[in-house]
$ cat structure_19.csv   # CSV, C-alpha atoms and all ligand atoms
chain,number,residue,atom,x,y,z
O,1,MET,CA,122.3,71.5,95.1
O,2,HIS,CA,119.6,73.4,93.6
O,3,GLU,CA,119.7,77.2,93.5
O,4,PRO,CA,116.1,78.3,94.3
O,5,LYS,CA,114.9,80.0,91.2
O,6,ARG,CA,114.7,83.8,91.7
O,7,THR,CA,111.8,85.5,90.1
O,8,ARG,CA,112.0,89.1,89.4
O,9,PRO,CA,109.2,91.0,91.0
O,10,SER,CA,106.8,92.1,88.3
O,11,PRO,CA,107.3,95.6,87.1
O,12,TRP,CA,103.8,96.8,87.8
O,13,ARG,CA,104.8,97.2,91.5
O,14,GLU,CA,107.5,99.6,90.5
O,15,PHE,CA,105.2,101.5,88.3
O,16,LEU,CA,102.6,101.7,91.1
O,17,PHE,CA,105.3,102.9,93.6
O,18,ALA,CA,106.6,105.4,91.1
O,19,GLY,CA,103.1,106.7,90.5
O,20,MET,CA,102.5,107.1,94.2
O,21,VAL,CA,105.7,109.0,94.7
O,22,ALA,CA,104.9,111.3,91.8
O,23,SER,CA,101.4,111.9,93.1
O,24,TYR,CA,102.8,112.7,96.5
O,25,ALA,CA,105.2,115.2,94.9
O,26,ALA,CA,102.4,116.8,92.8
O,27,LEU,CA,100.1,117.0,95.7
O,28,SER,CA,102.8,118.8,97.8
O,29,VAL,CA,103.3,121.3,95.1
O,30,VAL,CA,99.6,121.9,94.8
O,31,ALA,CA,99.1,122.2,98.5
O,32,TYR,CA,102.0,124.5,99.2
O,33,THR,CA,101.8,126.8,96.2
O,34,ASP,CA,98.7,128.8,96.3
O,35,TYR,CA,98.6,129.6,92.6
O,36,PRO,CA,97.1,131.6,91.0
O,37,ARG,CA,96.4,133.6,94.0
O,38,GLU,CA,94.0,136.5,93.9
O,39,PRO,CA,94.8,139.5,96.0
O,40,GLY,CA,92.5,140.0,99.0
O,41,PRO,CA,90.0,142.8,98.9
O,42,GLU,CA,91.2,146.3,99.8
O,43,LEU,CA,89.8,147.2,103.1
O,44,SER,CA,88.8,150.7,104.1
O,45,ALA,CA,89.8,152.0,107.5
O,46,ARG,CA,86.5,151.1,109.1
O,47,GLN,CA,86.5,147.7,107.5
O,48,ARG,CA,90.0,147.1,108.8
O,49,THR,CA,88.8,148.1,112.3
O,50,GLY,CA,86.0,145.6,111.8
O,51,LEU,CA,88.6,142.9,110.9
O,52,GLU,CA,90.3,143.7,114.2
O,53,VAL,CA,87.0,143.4,116.1
O,54,TRP,CA,86.5,140.1,114.3
O,55,ARG,CA,89.9,138.8,115.4
O,56,ARG,CA,89.7,140.2,118.9
O,57,HIS,CA,86.4,138.4,119.6
O,58,ASN,CA,87.5,135.2,117.8
O,59,CYS,CA,84.3,135.2,115.6
O,60,GLN,CA,86.0,132.7,113.3
O,61,VAL,CA,86.2,130.1,116.0
O,62,CYS,CA,82.4,129.6,115.5
O,63,HIS,CA,81.7,131.3,112.1
O,64,GLN,CA,83.2,130.7,108.7
O,65,ILE,CA,84.2,133.0,105.9
O,66,HIS,CA,84.2,131.2,102.6
O,67,GLY,CA,83.8,128.0,104.4
O,68,PHE,CA,86.9,128.4,106.7
O,69,GLY,CA,86.4,128.6,110.4
O,70,GLY,CA,84.4,126.9,113.1
O,71,PHE,CA,81.0,125.3,112.5
O,72,LEU,CA,79.1,126.1,115.6
O,73,GLY,CA,77.5,129.2,114.0
O,74,PRO,CA,76.6,129.9,110.4
O,75,ASP,CA,78.9,131.0,107.5
O,76,LEU,CA,78.8,134.8,107.6
O,77,THR,CA,80.3,135.5,104.2
O,78,ASN,CA,77.1,136.5,102.5
O,79,LEU,CA,74.9,137.4,105.5
O,80,VAL,CA,75.4,141.1,105.5
O,81,ASP,CA,74.7,142.8,102.2
O,82,GLU,CA,73.8,146.3,101.1
O,83,ASP,CA,70.1,145.7,101.8
O,84,ARG,CA,70.5,144.9,105.4
O,85,GLU,CA,70.6,147.6,108.1
O,86,ASP,CA,73.1,147.6,110.9
O,87,GLU,CA,70.2,147.9,113.4
O,88,GLU,CA,69.0,144.4,112.4
O,89,PHE,CA,72.1,142.9,114.0
O,90,ALA,CA,72.3,145.2,117.1
O,91,SER,CA,70.7,142.8,119.5
O,92,ILE,CA,72.6,139.8,118.2
O,93,LEU,CA,75.9,141.5,118.6
O,94,THR,CA,75.0,142.8,122.0
O,95,GLU,CA,72.8,140.2,123.7
O,96,GLY,CA,73.6,137.2,121.5
O,97,TYR,CA,71.0,134.5,121.1
O,98,GLY,CA,70.9,130.7,121.1
O,99,SER,CA,74.6,129.6,121.2
O,100,MET,CA,75.8,133.0,120.0
O,101,PRO,CA,77.4,134.6,123.1
O,102,ALA,CA,76.5,138.1,124.3
O,103,LEU,CA,79.5,140.0,123.2
O,104,HIS,CA,78.3,143.5,124.2
O,105,LEU,CA,80.0,145.1,121.2
O,106,SER,CA,79.9,148.9,121.3
O,107,PRO,CA,77.9,150.6,118.5
O,108,GLU,CA,81.3,151.6,117.0
O,109,ASP,CA,82.5,148.0,116.9
O,110,GLN,CA,79.2,146.8,115.6
O,111,ARG,CA,79.3,149.2,112.6
O,112,ALA,CA,82.9,148.3,112.0
O,113,VAL,CA,82.4,144.5,112.0
O,114,LEU,CA,79.3,144.8,109.9
O,115,ALA,CA,81.2,146.9,107.4
O,116,PHE,CA,83.9,144.2,107.3
O,117,LEU,CA,81.2,141.6,106.7
O,118,ARG,CA,79.8,143.7,103.9
O,119,ALA,CA,83.2,143.8,102.3
O,120,MET,CA,83.4,140.0,102.6
O,121,ASN,CA,80.0,139.7,100.9
O,122,ARG,CA,81.5,141.5,97.9
O,123,THR,CA,84.2,138.9,97.5
O,124,GLY,CA,81.8,136.3,96.2
O,125,ARG,CA,79.4,133.6,97.1
O,126,SER,CA,80.5,131.3,99.8
O,127,GLN,CA,78.0,128.5,99.8
O,128,PRO,CA,76.3,127.7,96.6
O,129,ARG,CA,72.6,127.9,97.2
O,130,PRO,CA,71.1,125.9,94.3
O,131,ASN,CA,67.6,127.1,93.8
O,132,ALA,CA,67.9,130.0,96.2
O,133,ALA,CA,65.9,132.9,94.8
O,134,LYS,CA,67.9,136.1,94.2
O,135,LYS,CA,64.6,138.0,93.8
O,136,PRO,CA,62.2,136.3,96.2
O,137,VAL,CA,58.5,137.1,96.0
O,138,PRO,CA,56.6,137.5,99.4
O,139,PRO,CA,55.0,134.1,100.1
O,140,MET,CA,51.5,135.4,100.3
O,141,LYS,CA,51.7,137.0,96.9
O,142,HIS,CA,53.6,134.2,95.2
O,143,TRP,CA,50.6,132.3,93.7
O,144,LYS,CA,49.1,135.4,92.2
O,145,ALA,CA,52.5,136.6,90.8
O,146,LEU,CA,53.0,133.2,89.3
O,147,MET,CA,49.6,133.4,87.6
O,148,GLU,CA,50.5,136.8,86.3
O,149,GLU,CA,53.7,135.5,84.8
O,150,GLY,CA,51.3,133.6,82.6
O,151,ALA,CA,51.3,130.4,80.6
O,152,SER,CA,50.3,129.6,77.1
O,153,GLU,CA,46.9,128.6,78.4
O,154,ALA,CA,45.4,132.0,79.4
O,155,PRO,CA,43.8,131.9,82.9
O,156,SER,CA,40.0,132.1,82.8
O,157,ASP,CA,38.0,134.5,85.0
O,158,ARG,CA,37.3,131.6,87.4
O,159,VAL,CA,41.0,130.8,87.6
O,160,ARG,CA,41.8,134.4,88.3
O,161,ARG,CA,39.2,134.5,91.1
O,162,GLY,CA,40.7,131.3,92.5
O,163,ALA,CA,44.1,133.0,92.6
O,164,ASP,CA,42.6,136.0,94.4
O,165,LEU,CA,41.1,133.7,97.0
O,166,VAL,CA,44.3,131.8,97.5
O,167,THR,CA,46.1,135.1,97.9
O,168,SER,CA,43.6,136.7,100.3
O,169,SER,CA,43.4,133.5,102.4
O,170,ALA,CA,47.2,133.4,102.7
O,171,CYS,CA,47.5,129.8,101.6
O,172,GLY,CA,51.0,130.8,100.4
O,173,ALA,CA,52.1,131.2,104.1
O,174,CYS,CA,52.4,127.4,104.1
O,175,HIS,CA,51.9,126.2,100.5
O,176,VAL,CA,54.8,127.4,98.4
O,177,PRO,CA,53.9,127.2,94.7
O,178,LEU,CA,55.3,124.2,92.8
O,179,MET,CA,57.1,122.6,95.8
O,180,GLN,CA,56.7,121.4,99.3
O,181,GLY,CA,56.2,124.4,101.6
O,182,PHE,CA,56.5,125.2,105.2
O,183,GLN,CA,55.2,122.9,107.9
O,184,ARG,CA,55.4,120.2,105.3
O,185,ALA,CA,52.5,121.6,103.4
O,186,PRO,CA,52.3,119.6,100.2
O,187,ASP,CA,52.8,120.9,96.7
O,188,LEU,CA,49.3,121.6,95.5
O,189,THR,CA,50.2,121.2,91.9
O,190,ARG,CA,51.7,117.8,91.9
O,191,ALA,CA,50.2,115.3,89.5
O,192,ALA,CA,48.8,112.8,92.0
O,193,LEU,CA,46.8,115.2,94.0
O,194,ASP,CA,43.0,115.2,93.6
O,195,ARG,CA,42.1,118.9,93.2
O,196,SER,CA,38.5,118.4,92.4
O,197,PRO,CA,36.0,120.5,94.5
O,198,GLY,CA,34.7,117.3,96.0
O,199,ALA,CA,38.2,116.4,97.3
O,200,ILE,CA,39.4,119.8,98.5
O,201,GLY,CA,36.0,121.1,99.8
O,202,PRO,CA,36.1,119.0,103.0
O,203,ILE,CA,39.8,119.7,103.6
O,204,LEU,CA,39.2,123.5,103.3
O,205,ALA,CA,36.1,123.3,105.5
O,206,GLY,CA,37.7,121.1,108.2
O,207,GLY,CA,41.3,122.0,108.1
O,208,ARG,CA,44.1,119.5,108.5
O,209,ARG,CA,46.8,119.2,111.2
O,210,VAL,CA,48.3,122.7,111.2
O,211,MET,CA,46.1,123.9,108.3
O,212,PRO,CA,43.2,126.1,109.5
O,213,SER,CA,39.6,125.6,108.3
O,214,TYR,CA,38.0,128.1,105.9
O,215,ASP,CA,34.5,129.3,105.3
O,216,PHE,CA,34.3,129.1,101.5
O,217,THR,CA,31.1,128.9,99.5
O,218,PRO,CA,30.9,126.0,97.1
O,219,GLU,CA,31.4,128.5,94.3
O,220,GLN,CA,34.6,129.7,95.8
O,221,VAL,CA,35.8,126.1,96.4
O,222,GLY,CA,35.2,125.6,92.7
O,223,GLN,CA,37.3,128.6,91.8
O,224,ILE,CA,40.2,127.5,94.0
O,225,ALA,CA,40.0,124.1,92.4
O,226,ASP,CA,40.0,125.6,89.0
O,227,PHE,CA,43.0,127.7,89.8
O,228,LEU,CA,45.0,124.8,91.3
O,229,GLU,CA,44.0,122.7,88.3
O,230,TRP,CA,45.2,125.4,85.9
O,231,CYS,CA,48.5,125.5,87.8
O,232,ALA,CA,48.9,121.7,87.6
O,233,ARG,CA,48.0,121.6,83.8
O,234,ASN,CA,50.6,124.2,83.1
O,235,ARG,CA,53.1,123.1,85.7
O,236,ALA,CA,56.2,122.6,83.5
O,237,GLU,CA,55.8,126.0,82.0
O,238,LEU,CA,55.1,127.7,85.3
O,239,VAL,CA,58.2,126.0,86.8
O,240,ARG,CA,60.3,127.7,84.2
O,241,ARG,CA,58.6,131.1,84.5
O,242,ASN,CA,58.8,130.8,88.3
O,243,ASP,CA,62.6,130.2,88.2
O,244,ALA,CA,63.0,133.1,85.9
O,245,MET,CA,60.9,135.4,88.1
O,246,LEU,CA,62.8,134.5,91.2
O,247,GLN,CA,66.1,134.5,89.4
O,248,ARG,CA,67.1,131.2,90.7
O,249,ASP,CA,70.6,130.0,90.3
O,250,GLY,CA,70.8,126.5,88.9
O,251,LEU,CA,73.2,124.1,90.5
O,252,SER,CA,76.6,124.2,89.0
O,253,TRP,CA,79.0,121.5,90.1
O,254,LYS,CA,81.9,123.8,89.7
O,255,ASP,CA,80.5,126.1,92.4
O,256,LEU,CA,80.5,123.3,95.0
O,257,PRO,CA,83.2,124.0,97.5
O,258,TRP,CA,85.6,121.2,98.3
O,259,TRP,CA,85.3,121.9,102.0
O,260,GLU,CA,82.5,120.7,104.2
O,261,TYR,CA,79.2,121.3,102.5
O,262,ARG,CA,76.1,121.9,104.5
R,301,LIG,C1,81.1,130.8,120.7
R,301,LIG,C2,80.8,130.8,119.3
R,301,LIG,C3,80.5,132.2,118.6
R,301,LIG,C4,81.3,133.3,118.6
R,301,LIG,C5,82.6,133.5,119.2
R,301,LIG,C6,80.6,134.2,117.8
R,301,LIG,N1,79.4,133.7,117.3
R,301,LIG,FE1,78.0,134.6,116.1
R,301,LIG,N2,76.8,133.0,116.3
R,301,LIG,C7,77.1,131.8,116.9
R,301,LIG,C8,76.0,130.9,116.8
R,301,LIG,C9,76.0,129.5,117.3
R,301,LIG,C10,75.0,131.6,116.1
R,301,LIG,C11,73.7,131.0,115.6
R,301,LIG,C12,72.8,131.2,116.8
R,301,LIG,C13,71.6,130.3,116.8
R,301,LIG,O1,71.0,130.1,115.7
R,301,LIG,O2,71.2,129.8,117.8
R,301,LIG,C14,75.5,132.9,115.8
R,301,LIG,C15,74.9,133.9,115.1
R,301,LIG,C16,75.4,135.0,114.6
R,301,LIG,C17,74.8,136.0,113.7
R,301,LIG,C18,73.4,135.9,113.2
R,301,LIG,C19,73.4,135.0,112.0
R,301,LIG,C20,72.1,134.9,111.3
R,301,LIG,O3,72.0,134.0,110.4
R,301,LIG,O4,71.2,135.7,111.5
R,301,LIG,C21,75.7,137.0,113.5
R,301,LIG,C22,75.5,138.2,112.7
R,301,LIG,C23,76.9,136.7,114.3
R,301,LIG,N3,76.7,135.5,114.9
R,301,LIG,C24,78.0,137.5,114.3
R,301,LIG,C25,79.1,137.2,115.1
R,301,LIG,C26,80.3,138.1,115.1
R,301,LIG,C27,80.4,139.4,114.3
R,301,LIG,C28,81.1,137.6,116.0
R,301,LIG,C29,82.4,138.1,116.5
R,301,LIG,C30,82.4,139.5,116.9
R,301,LIG,C31,80.5,136.3,116.5
R,301,LIG,N4,79.3,136.1,115.9
R,301,LIG,C32,81.1,135.5,117.4
R,301,LIG,C33,78.3,131.6,117.6
R,301,LIG,C34,79.3,132.4,117.8
R,302,LIG,C1,49.2,127.0,108.3
R,302,LIG,C2,49.6,126.4,107.1
R,302,LIG,C3,48.6,126.2,106.0
R,302,LIG,C4,47.8,127.1,105.4
R,302,LIG,C5,47.6,128.5,105.7
R,302,LIG,C6,47.1,126.3,104.4
R,302,LIG,N1,47.5,125.0,104.4
R,302,LIG,FE1,46.7,123.6,103.2
R,302,LIG,N2,47.8,122.2,104.2
R,302,LIG,C7,48.8,122.5,105.1
R,302,LIG,C8,49.4,121.2,105.6
R,302,LIG,C9,50.5,121.1,106.6
R,302,LIG,C10,48.7,120.2,104.8
R,302,LIG,C11,49.0,118.7,104.9
R,302,LIG,C12,48.2,118.2,106.1
R,302,LIG,C13,48.5,116.7,106.3
R,302,LIG,O1,49.6,116.4,106.7
R,302,LIG,O2,47.6,115.9,106.1
R,302,LIG,C14,47.8,120.9,104.0
R,302,LIG,C15,47.0,120.2,103.1
R,302,LIG,C16,46.2,120.8,102.1
R,302,LIG,C17,45.5,120.1,101.1
R,302,LIG,C18,45.4,118.6,100.9
R,302,LIG,C19,46.6,118.1,100.1
R,302,LIG,C20,46.7,116.6,100.0
R,302,LIG,O3,47.9,116.1,99.9
R,302,LIG,O4,45.7,115.9,100.1
R,302,LIG,C21,44.9,121.0,100.3
R,302,LIG,C22,44.1,120.8,99.0
R,302,LIG,C23,45.3,122.3,100.8
R,302,LIG,N3,46.1,122.1,101.9
R,302,LIG,C24,44.9,123.5,100.3
R,302,LIG,C25,45.0,124.7,100.9
R,302,LIG,C26,44.5,126.0,100.5
R,302,LIG,C27,43.7,126.2,99.2
R,302,LIG,C28,44.8,126.9,101.4
R,302,LIG,C29,44.3,128.4,101.5
R,302,LIG,C30,42.9,128.6,101.4
R,302,LIG,C31,45.6,126.3,102.5
R,302,LIG,N4,45.7,124.9,102.1
R,302,LIG,C32,46.1,126.9,103.5
R,302,LIG,C33,49.1,123.7,105.6
R,302,LIG,C34,48.4,124.9,105.3
$ encode --input "structure_19.csv" --output "structure tokens"
Amino acid sequence: MHEPKRTRPSPWREFLFAGMVASYAALSVVAYTDYPREPGPELSARQRTGLEVWRRHNCQVCHQIHGFGGFLGPDLTNLVDEDREDEEFASILTEGYGSMPALHLSPEDQRAVLAFLRAMNRTGRSQPRPNAAKKPVPPMKHWKALMEEGASEAPSDRVRRGADLVTSSACGACHVPLMQGFQRAPDLTRAALDRSPGAIGPILAGGRRVMPSYDFTPEQVGQIADFLEWCARNRAELVRRNDAMLQRDGLSWKDLPWWEYR
């Protein structure tokens, strides 16, 4: 009789199993010990009333604070800051809009819940907004402001006049400098674009899709072309100055939350 030869299972399985058990234990420790835990913000009496309003109306079912909550409505952590007036939110908190229900909050409750949201805003940034401007420039004035930030190539008089025309014609309402703008208006400084007066003249005179038509003299078209060309030539430098002017936050991977990102 032959005894079937017994082979010992190879040890890597045991290692793998031990590794998985250890990971499970470690994960449990991480998940159930909330360390180091920062104390929550101290709430004033009004802010605390606001928290009660927040709970009574179940705002968190639809809204998030620091990413936690329902996703029907927007994250409200950083919506209400010191610059925003309570009145701006009065109609939203009374009549609602879109999928936000009409909650008919009393003026007292509105002030309280907004005070609570202001306190939340001070606890930090909820969603990283890479490239969001901390100091935005009004769209109509953006091109001019950008030119005034300067570049090593000083703008000529024609370039300056072009910037004035672009500003007074409100091109910035759609064309955001150095990027694609609203209504999918293209970046007018990108390399491939033909900015010669011969190319942009007919576009300005005839309009395009949502872009209106303009009554510019050939001289003015030339100035606009010169201005856009100056922007394109100095693009790299202008991008840097623009970011500094707007105080843009760069993207930092460590700011990305591990919860749903949108
Ligand atoms: C049933 C879900 C729901 C509840 C409950 C709810 N909201 Fe909303 N809320 C929304 C939605 C959805 C929007 C966005 C509306 C839209 O864009 O159509 C919104 C918008 C808002 C806005 C405007 C956001 C902006 O970007 O301008 C504020 C402020 C707001 N809600 C506050 C509250 C507060 C405070 C409560 C509780 C007292 C609350 N909401 C309860 C769904 C809800
Ligand atoms: C209401 C929004 C709006 C305004 C205001 C506007 N534009 Fe436009 N512009 C657009 C859109 C959208 C397009 C792209 C049209 C298309 O899809 O072909 C465009 C296209 C252009 C193009 C052609 C770009 C290409 O890729 O060929 C030039 C040049 C241009 N705009 C310059 C200007 C200038 C200069 C002004 C101000 C005098 C101006 N635009 C004002 C929306 C606008």
$ residues_near_ligand --input "structure_19.csv" --ligand "ligand LIG 301 (chain R)" --cutoff "8 Å" --atoms "only C-alpha atoms and all ligand atoms" --output "ChimeraX atom specification"
/O:53-63,72-74,76,79-80,89,92-93,96-101,103,105,110,113-114,117
$ write_last_selection --input "structure_19.csv" --atoms "C-alpha atoms" --output "short mmCIF file (atom, residue, chain, number, x, y, z; two decimals), in the frame of the given file"
data_model
loop_
_atom_site.label_atom_id
_atom_site.label_comp_id
_atom_site.auth_asym_id
_atom_site.auth_seq_id
_atom_site.Cartn_x
_atom_site.Cartn_y
_atom_site.Cartn_z
CA VAL O 53 87.00 143.40 116.10
CA TRP O 54 86.50 140.10 114.30
CA ARG O 55 89.90 138.80 115.40
CA ARG O 56 89.70 140.20 118.90
CA HIS O 57 86.40 138.40 119.60
CA ASN O 58 87.50 135.20 117.80
CA CYS O 59 84.30 135.20 115.60
CA GLN O 60 86.00 132.70 113.30
CA VAL O 61 86.20 130.10 116.00
CA CYS O 62 82.40 129.60 115.50
CA HIS O 63 81.70 131.30 112.10
CA LEU O 72 79.10 126.10 115.60
CA GLY O 73 77.50 129.20 114.00
CA PRO O 74 76.60 129.90 110.40
CA LEU O 76 78.80 134.80 107.60
CA LEU O 79 74.90 137.40 105.50
CA VAL O 80 75.40 141.10 105.50
CA PHE O 89 72.10 142.90 114.00
CA ILE O 92 72.60 139.80 118.20
CA LEU O 93 75.90 141.50 118.60
CA GLY O 96 73.60 137.20 121.50
CA TYR O 97 71.00 134.50 121.10
CA GLY O 98 70.90 130.70 121.10
CA SER O 99 74.60 129.60 121.20
CA MET O 100 75.80 133.00 120.00
CA PRO O 101 77.40 134.60 123.10
CA LEU O 103 79.50 140.00 123.20
CA LEU O 105 80.00 145.10 121.20
CA GLN O 110 79.20 146.80 115.60
CA VAL O 113 82.40 144.50 112.00
CA LEU O 114 79.30 144.80 109.90
CA LEU O 117 81.20 141.60 106.70
#
$ closest_residue --input "structure_19.csv" --among "O:Gln220, O:Thr33, O:Thr7, O:Asn242" --to "ligand LIG 302 (chain R)" --atoms "all atoms listed in the file"
O:Gln220
$ residues_near_point --input "structure_19.csv" --point "(54.4, 136.6, 106.4)" --cutoff "10 Å" --atoms "only C-alpha atoms" --output "list in words"
Pro138, Pro139, Met140, Lys141, Ala170, Gly172, Ala173 and Cys174 of chain O
$ residues_near_ligand --input "structure_19.csv" --ligand "ligand LIG 302 (chain R)" --cutoff "8 Å" --atoms "all atoms listed in the file" --output "VMD selection string"
chain O and resid 165 to 167 169 to 175 182 to 188 193 to 195 199 to 200 203 to 204 207 to 212 214 224
$ atom_distance --input "structure_19.csv" --atom1 "atom CA of Glu88 of chain O" --atom2 "atom CA of Gly69 of chain O"
23.6 Å
$ residues_near_point --input "structure_19.csv" --point "(64.2, 136.3, 88.6)" --cutoff "10 Å" --atoms "all atoms listed in the file" --output "list in words"
Ala133, Lys134, Lys135, Pro136, Val137, Arg241, Asn242, Asp243, Ala244, Met245, Leu246, Gln247, Arg248 and Asp249 of chain O
$ atom_distance --input "structure_19.csv" --atom1 "atom CA of Val239 of chain O" --atom2 "atom CA of Arg161 of chain O"
21.3 Å
$ closest_residue --input "structure_19.csv" --among "O:Val21, O:Ala45, O:Ala225, O:Met120" --to "Asp75 of chain O" --atoms "all atoms listed in the file"
O:Met120
$ closest_residue --input "structure_19.csv" --among "O:His66, O:Thr123, O:Gly162, O:Arg233" --to "Pro39 of chain O" --atoms "all atoms listed in the file"
O:Thr123
$ closest_residue --input "structure_19.csv" --among "O:Gln127, O:Phe227, O:Lys144, O:Thr189" --to "Gly67 of chain O" --atoms "all atoms listed in the file"
O:Gln127
$ atom_distance --input "structure_19.csv" --atom1 "atom CA of Arg158 of chain O" --atom2 "atom CA of Thr217 of chain O"
13.9 Å
$ residues_around --input "structure_19.csv" --residues "Pro41 of chain O" --least-positions-apart "4" --cutoff "12 Å" --atoms "all atoms listed in the file" --output "ChimeraX atom specification"
/O:47-48,116-124
$ axis_aligned_box --input "structure_19.csv" --around "segment 23-30 of chain O" --padding-each-side "6 Å" --output "AutoDock Vina command-line options"
--center_x 102.4 --center_y 116.9 --center_z 95.3 --size_x 17.6 --size_y 22.0 --size_z 17.0
$ residues_around --input "structure_19.csv" --residues "Val159 of chain O" --least-positions-apart "4" --cutoff "8 Å" --atoms "only C-alpha atoms" --output "VMD selection string"
chain O and resid 155 163 223 to 224 226 to 227 230
$ decode --input "structure_19.csv" --residues "segment 164-176 of chain O" --atoms "N, CA, C and O atoms" --output "short mmCIF file (atom, residue, chain, number, x, y, z; two decimals), in the first residue's frame"
data_model
loop_
_atom_site.label_atom_id
_atom_site.label_comp_id
_atom_site.auth_asym_id
_atom_site.auth_seq_id
_atom_site.Cartn_x
_atom_site.Cartn_y
_atom_site.Cartn_z
N ASP O 164 -8.77 98.46 -23.74
CA ASP O 164 -9.93 99.31 -23.42
C ASP O 164 -11.16 98.86 -24.20
O ASP O 164 -12.27 98.81 -23.67
N LEU O 165 -10.95 98.55 -25.49
CA LEU O 165 -12.10 98.13 -26.31
C LEU O 165 -12.68 96.81 -25.82
O LEU O 165 -13.89 96.65 -25.73
N VAL O 166 -11.80 95.88 -25.51
CA VAL O 166 -12.26 94.58 -25.00
C VAL O 166 -13.04 94.78 -23.70
O VAL O 166 -14.04 94.11 -23.44
N THR O 167 -12.59 95.75 -22.89
CA THR O 167 -13.28 96.01 -21.63
C THR O 167 -14.62 96.70 -21.87
O THR O 167 -15.65 96.27 -21.35
N SER O 168 -14.62 97.75 -22.69
CA SER O 168 -15.88 98.49 -22.88
C SER O 168 -16.89 97.66 -23.68
O SER O 168 -18.09 97.88 -23.58
N SER O 169 -16.43 96.69 -24.46
CA SER O 169 -17.37 95.85 -25.22
C SER O 169 -17.80 94.63 -24.42
O SER O 169 -18.54 93.79 -24.92
N ALA O 170 -17.30 94.50 -23.19
CA ALA O 170 -17.70 93.40 -22.31
C ALA O 170 -17.42 92.02 -22.90
O ALA O 170 -18.17 91.07 -22.68
N CYS O 171 -16.33 91.88 -23.65
CA CYS O 171 -15.96 90.55 -24.16
C CYS O 171 -15.77 89.58 -22.99
O CYS O 171 -16.04 88.38 -23.10
N GLY O 172 -15.32 90.13 -21.85
CA GLY O 172 -15.04 89.30 -20.68
C GLY O 172 -16.27 88.65 -20.08
O GLY O 172 -16.16 87.73 -19.27
N ALA O 173 -17.47 89.12 -20.50
CA ALA O 173 -18.68 88.47 -20.01
C ALA O 173 -18.67 87.00 -20.43
O ALA O 173 -19.22 86.15 -19.74
N CYS O 174 -18.07 86.71 -21.57
CA CYS O 174 -18.00 85.31 -22.04
C CYS O 174 -16.57 84.80 -22.09
O CYS O 174 -16.29 83.69 -21.68
N HIS O 175 -15.68 85.61 -22.64
CA HIS O 175 -14.29 85.16 -22.78
C HIS O 175 -13.51 85.46 -21.52
O HIS O 175 -13.11 86.59 -21.28
N VAL O 176 -13.29 84.44 -20.70
CA VAL O 176 -12.46 84.61 -19.50
C VAL O 176 -11.01 84.58 -19.96
O VAL O 176 -10.65 83.74 -20.78
#
